[in-house]
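The block underneath contains the structure these notes are about, expressed in structure tokens.
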Amino acid sequence: MSVRVRFAPSPTGFLHIGSLRTALYNYLFAKHHGGVCVLRIEDTDRTRLVEGAMEEQIESLRWAGVVFDEGPHVGGNYGPYVQSERFDLYRTYGMQLVASGHAYYAFDTSEELDAMRVRQQAAGIAPRYDRTTMRNQYTLGEHETERLLQSNADHVIRLKVPHTSEVRFHDAVRGEVTVQGREVDDQILLKSDGFPTYHLANVVDDHLMEITHVIRAEEWLPSTPKHILLYEAFGWTPPTFAHVPLLLNPDRTKMSKRHGDVMVRDFRKKGYFPDALVNFVSLCGWNPGTDREVYSMPDLIEHFTLERVNKAGAVFDYKKLDWMNGEYLRAKDPQDLAAMVLPALQEAGYAYIEPDYVARVIGLVRERIHFVQDVVTFADYIFTDVVNVDDEYRAKHWKPDTSELLRALTERYASIEQWDHTTLNDVTAAFATEHNVKTGALMHPLRVVLTGKQVGAGVYDTMEVLGKERCMTRLRNGLA
RNA sequence: GCACCGUUCGUCUAGGGGUUAGGACACCGCCCUUUCACGGCGGUAACACGGGUUCAAUUCCCGUACGGUGUACCA
């Protein structure tokens with residue numbers, strides 16, 4: 001049987017970085033096995049819907065390179081792929097369970113349920129729905145139940161958990177997991193608004209869509225027994241489950257926005273490359289067992305296996321991500337990078353600059369920056385002729401005879417025809433020797449006048465990119 | 001509280017009955033370099049604890065501790 005997996009986000013906000021990783025693992029697993037990756041939107045909570053969230057999540061996933069074979073945006077033979085469009089289905093299957101005695105009607109109000117939990121906590125017992133004392137078809141009896149249903153009383157349908165059973169399943173990441181039936185709550189399957197809960201919708205859809213492997217975050221592990229029980233109640237074969245570890249904050253709690261950016265769009269906006277982000281995030285909780293750190297999407301697909309997914313949560317290391325992004329920055333074609341940074345240059349107010357020239361600038365400084373768009377501020381003195389001088393830096397290197405020396409050097413430069421690194425180096429070195437000064441006494445002042453900044457690429461390389469004319473102008477103006 | 005899951009350098013991780021416990025990020029030092037980076041070399045730094053099993057345990061088993069997740073008419 002060929003592999004079919006799904007990523008099933010809820011459209012309640014922007015795509016979380018942890019969700020991206022879950023989606024990625026699903027995608028990698030599917031592609032590794034030549035299978036199908038499905039996108040399904042779980043919008044059964046009508047109160048938490050956020051308009052545009054589905055589109056944003058799909059866009060973030062597309063940006064990251066996670067592509068789906070089936071989904072609301074691409075179609076497929078198992079649709080619809082949005083749960084609210086499958087509404088009737090869940091009621092049908094829920095009623096089937098009532099008919100077979102695996103589920104039942106309950107009429108409790110939320111106040112009554114709250115009171116029940118308060119009582120249970122006071123008594124020191126685990127808060128779980130008490131089938132024997134609450135208002136449901138068992139305590140109310142057939143007639144009263146029927147009467148309430150006839151009168152359109154608010155009601156839900158709950159799973160009748162066999163409390164004497166033992167639920168056992170094999171998790172591809174964690175091995176055998178066993179839970180006592182008495183620990184499992186009589187979960188609501190159909191809410192009073194007629195929509196299914198995650199648990200019902202999830203099981204029905206995974207079955208109907210012929211999902212073979214459910215790869216999801218560890219937070220789902222505790223409710224998996226409910227799902228297993230549902231498969232059993234329906235008489236269906238459950239898929240293979242794989243609960244992947246969580247992405248964590250530095251304090252090891254579930255990764256949240258309290259500790260930094262967590263939305264994929266935030267990373268995108270900050271200038272991370274999608275391939276770098278994907279590379280990094282795939283290695284949080286999974287490892288191919290080699291010393292290699294850099295993997296392209298095809299590499300990841302080739303090497304990914306569930307067996308090598310870790311059990312423990314992974315703290316998200318922003319610093320290492322930055323390093324990874326730098327690796328990609330240095331490996332990419334400057335021409336491509338130039339195209340990416342053009343809008344930022346325009347936004348910064350600089351006149352149009354030829355992409356070829358921008359590419360040269362990027363080649364000049366990319367060892368020193370983490371993000372492409374850093375070039376805009378890092379090398380601002382190349383995009384404009386306004387040089388903002390770092391006074392402290394100038395004071396440190398500007399000696400009494402510096403101005404005179406530089407004036408003489410400038411006139412020497414005037415005669416240079418081959419304005420490149422080698423010539424500049426030779427001419428400057430010869431000049432230093434003639435005047436009996438160290439080259440350092442020349443280099444720093446040159447940097448001050450030409451760039452204004454202490455930090456930057458090599459002076460000769462910078463001069464080469466700047467060009468003779470602009471260098472001469474800056475030197476003459478700067479020494480006037 | 002209860003249930004489930006987890007625990008190798010600060011972080012991501014490799015390893016697995018006998019290893020000098022390996023790599024990466026970060027940090028420190030040196031080299032390269034007239035800056036800062038990049039790169040190269042080197043360094044600091046880890047098997048949570050206690051019992052077993054075994055000739056031998058970081059590795060297997062059991063406890064404990066600590067941590068996380070879950071415990072909704074949310075997903």
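Each chain of the structure tokens is named A, B, ... in the order shown, its residues numbered from 1; ligands are numbered from 1 in display order.
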(request) Using only C-alpha atoms (C1' of nucleotides), determine which residues lie at most 6 Å from region 155-169 of chain A, disregarding the query and same-chain residues fewer than 2 positions distant; provide the list as number ranges by chain. (result) A: 102-107, 176-182, 186-192
(request) Please provide as a list in words all residues within 10 Å of Asp205 (chain A), with the sequence filter that same-chain residues fewer than 6 positions apart are discarded (counting only C-alpha atoms (C1' of nucleotides)). (result)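 What passes the distance filter is Arg40, Tyr78, Gly79, Tyr81, Gln83, Arg86, Leu89, Tyr90 and Ile211 of chain A.
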Please produce an output containing C-alpha atoms for each residue in the selection, written as a PDB file, in the first residue's frame.
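File result_24.pdb, as written:
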ATOM      1  CA  ARG A  40      -6.557  19.181   5.175  1.00  0.00           C
ATOM      2  CA  TYR A  78     -10.617  12.508  -1.538  1.00  0.00           C
ATOM      3  CA  GLY A  79     -12.151  15.942  -1.110  1.00  0.00           C
ATOM      4  CA  TYR A  81     -10.347  18.982   2.060  1.00  0.00           C
ATOM      5  CA  GLN A  83     -13.781  19.941   7.242  1.00  0.00           C
ATOM      6  CA  ARG A  86     -17.762  17.750   5.142  1.00  0.00           C
ATOM      7  CA  LEU A  89     -20.356  13.260   7.081  1.00  0.00           C
ATOM      8  CA  TYR A  90     -19.460  13.608  10.727  1.00  0.00           C
ATOM      9  CA  ILE A 211      -4.185   8.056   5.454  1.00  0.00           C
TER      10      ILE A 211
END
(request) When you get a sec, could you note down which chain B residues fall within 12 Å of chain A, using only C-alpha atoms (C1' of nucleotides), as number ranges by chain? (result) B: 1-7, 10-15, 22-26, 33-39, 67-75
Written file, previous selection with C-alpha atoms (C1' of nucleotides), as a short mmCIF file (atom, residue, chain, number, x, y, z; two decimals), in the first residue's frame:
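In the end it all went to result18.cif:
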data_model
loop_
_atom_site.label_atom_id
_atom_site.label_comp_id
_atom_site.auth_asym_id
_atom_site.auth_seq_id
_atom_site.Cartn_x
_atom_site.Cartn_y
_atom_site.Cartn_z
"C1'" G B 1 -3.51 15.88 41.55
"C1'" C B 2 -3.80 12.13 37.73
"C1'" A B 3 -2.14 10.07 32.85
"C1'" C B 4 1.38 9.76 29.16
"C1'" C B 5 6.14 11.03 27.22
"C1'" G B 6 11.07 12.36 28.01
"C1'" U B 7 16.50 13.11 30.20
"C1'" G B 10 24.97 26.04 27.49
"C1'" U B 11 22.08 24.56 22.66
"C1'" C B 12 21.16 20.94 18.33
"C1'" U B 13 22.91 16.09 18.21
"C1'" A B 14 26.18 11.14 17.03
"C1'" G B 15 27.14 6.83 19.59
"C1'" G B 22 32.42 12.20 17.99
"C1'" G B 23 30.36 16.55 15.15
"C1'" A B 24 27.79 21.42 14.74
"C1'" C B 25 26.23 26.34 16.93
"C1'" A B 26 27.79 29.52 20.81
"C1'" U B 33 44.51 39.57 7.82
"C1'" U B 34 46.37 46.84 8.30
"C1'" U B 35 39.60 46.56 10.26
"C1'" C B 36 35.52 43.27 10.82
"C1'" A B 37 34.27 38.85 8.88
"C1'" C B 38 35.17 34.22 6.15
"C1'" G B 39 38.54 30.24 6.47
"C1'" G B 67 11.27 18.39 33.02
"C1'" G B 68 7.49 18.53 29.23
"C1'" U B 69 2.74 17.60 27.25
"C1'" G B 70 -2.22 16.42 28.20
"C1'" U B 71 -6.26 16.59 31.41
"C1'" A B 72 -12.24 21.82 26.95
"C1'" C B 73 -18.83 21.50 23.45
"C1'" C B 74 -9.71 24.12 21.20
"C1'" A B 75 -7.08 22.04 17.82
#
(request) From region 255-449 of chain A, collect each residue whose DSSP state is strand (DSSP E or B) and return the set as a ChimeraX atom specification. (result) /A:263,286,309,314-315
(request) Step one, run DSSP on the backbone; step two, keep only residues of region 26-100 of chain A assigned to helix (DSSP H, G or I); then write them as a ChimeraX atom specification. (result) /A:26-32,53-64,83-99
(message) Quick check, in Å to one decimal: how far apart do CA of Glu434 (chain A) and CA of Trp398 (chain A) lie?
(response) 19.7 Å
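Distances to A56 (chain B) were evaluated for B:G42, B:U8, B:C27, B:G17 using only C-alpha atoms (C1' of nucleotides), and the minimum falls at B:G17.
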(request) Find the residues near region 43-46 of chain B: any atom within 8 Å, counting only C-alpha atoms (C1' of nucleotides), skip ones fewer than 4 places away on the same chain, and give them as a list in words. (result)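 Listed by chain and then number, they are U8, C9, C28 and G29 of chain B.
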(message) Please list as JSON, numbers by chain every residue within 10 Å of region 402-414 of chain A, counting only C-alpha atoms (C1' of nucleotides) and excluding residues in the same chain fewer than 6 positions away.
(response) {"A": [423, 424, 427, 428, 431, 432, 435, 437, 441, 442, 443, 445, 446, 449, 468, 469, 471, 472, 473, 475, 476, 478, 479, 480]}
(request) Mind giving me the straight-line distance from CA of Ser296 (chain A) to CA of Asn279 (chain A) in Å, one decimal? (result) 6.7 Å
Long-range neighbours of C61 (chain B) as a PDB file with N, CA and C atoms (P, O5', C5', C4', C3', O3' and C1' of nucleotides), in the first residue's frame, 12 Å cut-off, only C-alpha atoms (C1' of nucleotides), 2 positions minimum in chain:
ATOM      1  P     G B  51      23.965   2.976  44.611  1.00  0.00           P
ATOM      2  O5'   G B  51      22.775   1.990  44.962  1.00  0.00           O
ATOM      3  C5'   G B  51      22.849   0.635  44.584  1.00  0.00           C
ATOM      4  C4'   G B  51      21.465   0.081  44.421  1.00  0.00           C
ATOM      5  C3'   G B  51      21.451  -1.194  43.592  1.00  0.00           C
ATOM      6  O3'   G B  51      21.768  -2.317  44.398  1.00  0.00           O
ATOM      7  C1'   G B  51      19.824   0.284  42.737  1.00  0.00           C
ATOM      8  P     G B  52      23.117  -3.097  44.075  1.00  0.00           P
ATOM      9  O5'   G B  52      22.929  -3.379  42.535  1.00  0.00           O
ATOM     10  C5'   G B  52      22.898  -4.700  42.067  1.00  0.00           C
ATOM     11  C4'   G B  52      21.493  -5.104  41.676  1.00  0.00           C
ATOM     12  C3'   G B  52      21.493  -6.043  40.497  1.00  0.00           C
ATOM     13  O3'   G B  52      21.410  -7.381  40.977  1.00  0.00           O
ATOM     14  C1'   G B  52      20.211  -4.099  39.963  1.00  0.00           C
ATOM     15  P     U B  53      22.707  -8.294  40.747  1.00  0.00           P
ATOM     16  O5'   U B  53      22.596  -8.617  39.185  1.00  0.00           O
ATOM     17  C5'   U B  53      21.384  -9.174  38.668  1.00  0.00           C
ATOM     18  C4'   U B  53      21.426  -9.173  37.165  1.00  0.00           C
ATOM     19  C3'   U B  53      22.784  -9.503  36.578  1.00  0.00           C
ATOM     20  O3'   U B  53      22.995 -10.913  36.533  1.00  0.00           O
ATOM     21  C1'   U B  53      21.906  -7.591  35.499  1.00  0.00           C
ATOM     22  P     U B  54      24.371 -11.515  37.133  1.00  0.00           P
ATOM     23  O5'   U B  54      25.432 -11.038  36.056  1.00  0.00           O
ATOM     24  C5'   U B  54      25.268 -11.376  34.677  1.00  0.00           C
ATOM     25  C4'   U B  54      26.242 -10.580  33.843  1.00  0.00           C
ATOM     26  C3'   U B  54      27.669 -10.594  34.360  1.00  0.00           C
ATOM     27  O3'   U B  54      28.362 -11.772  33.966  1.00  0.00           O
ATOM     28  C1'   U B  54      27.033  -8.386  33.776  1.00  0.00           C
ATOM     29  P     A B  57      29.706  -2.206  35.307  1.00  0.00           P
ATOM     30  O5'   A B  57      29.590  -0.615  35.194  1.00  0.00           O
ATOM     31  C5'   A B  57      30.104   0.076  34.071  1.00  0.00           C
ATOM     32  C4'   A B  57      29.019   0.599  33.189  1.00  0.00           C
ATOM     33  C3'   A B  57      27.789   1.163  33.917  1.00  0.00           C
ATOM     34  O3'   A B  57      28.016   2.450  34.502  1.00  0.00           O
ATOM     35  C1'   A B  57      27.159  -0.143  31.995  1.00  0.00           C
ATOM     36  P     G B  63       9.520   0.841  37.793  1.00  0.00           P
ATOM     37  O5'   G B  63       9.898   1.006  39.319  1.00  0.00           O
ATOM     38  C5'   G B  63       9.719   2.236  39.937  1.00  0.00           C
ATOM     39  C4'   G B  63      10.774   2.452  40.989  1.00  0.00           C
ATOM     40  C3'   G B  63      10.991   3.923  41.262  1.00  0.00           C
ATOM     41  O3'   G B  63      10.006   4.390  42.166  1.00  0.00           O
ATOM     42  C1'   G B  63      13.079   2.887  40.929  1.00  0.00           C
TER      43        G B  63
END
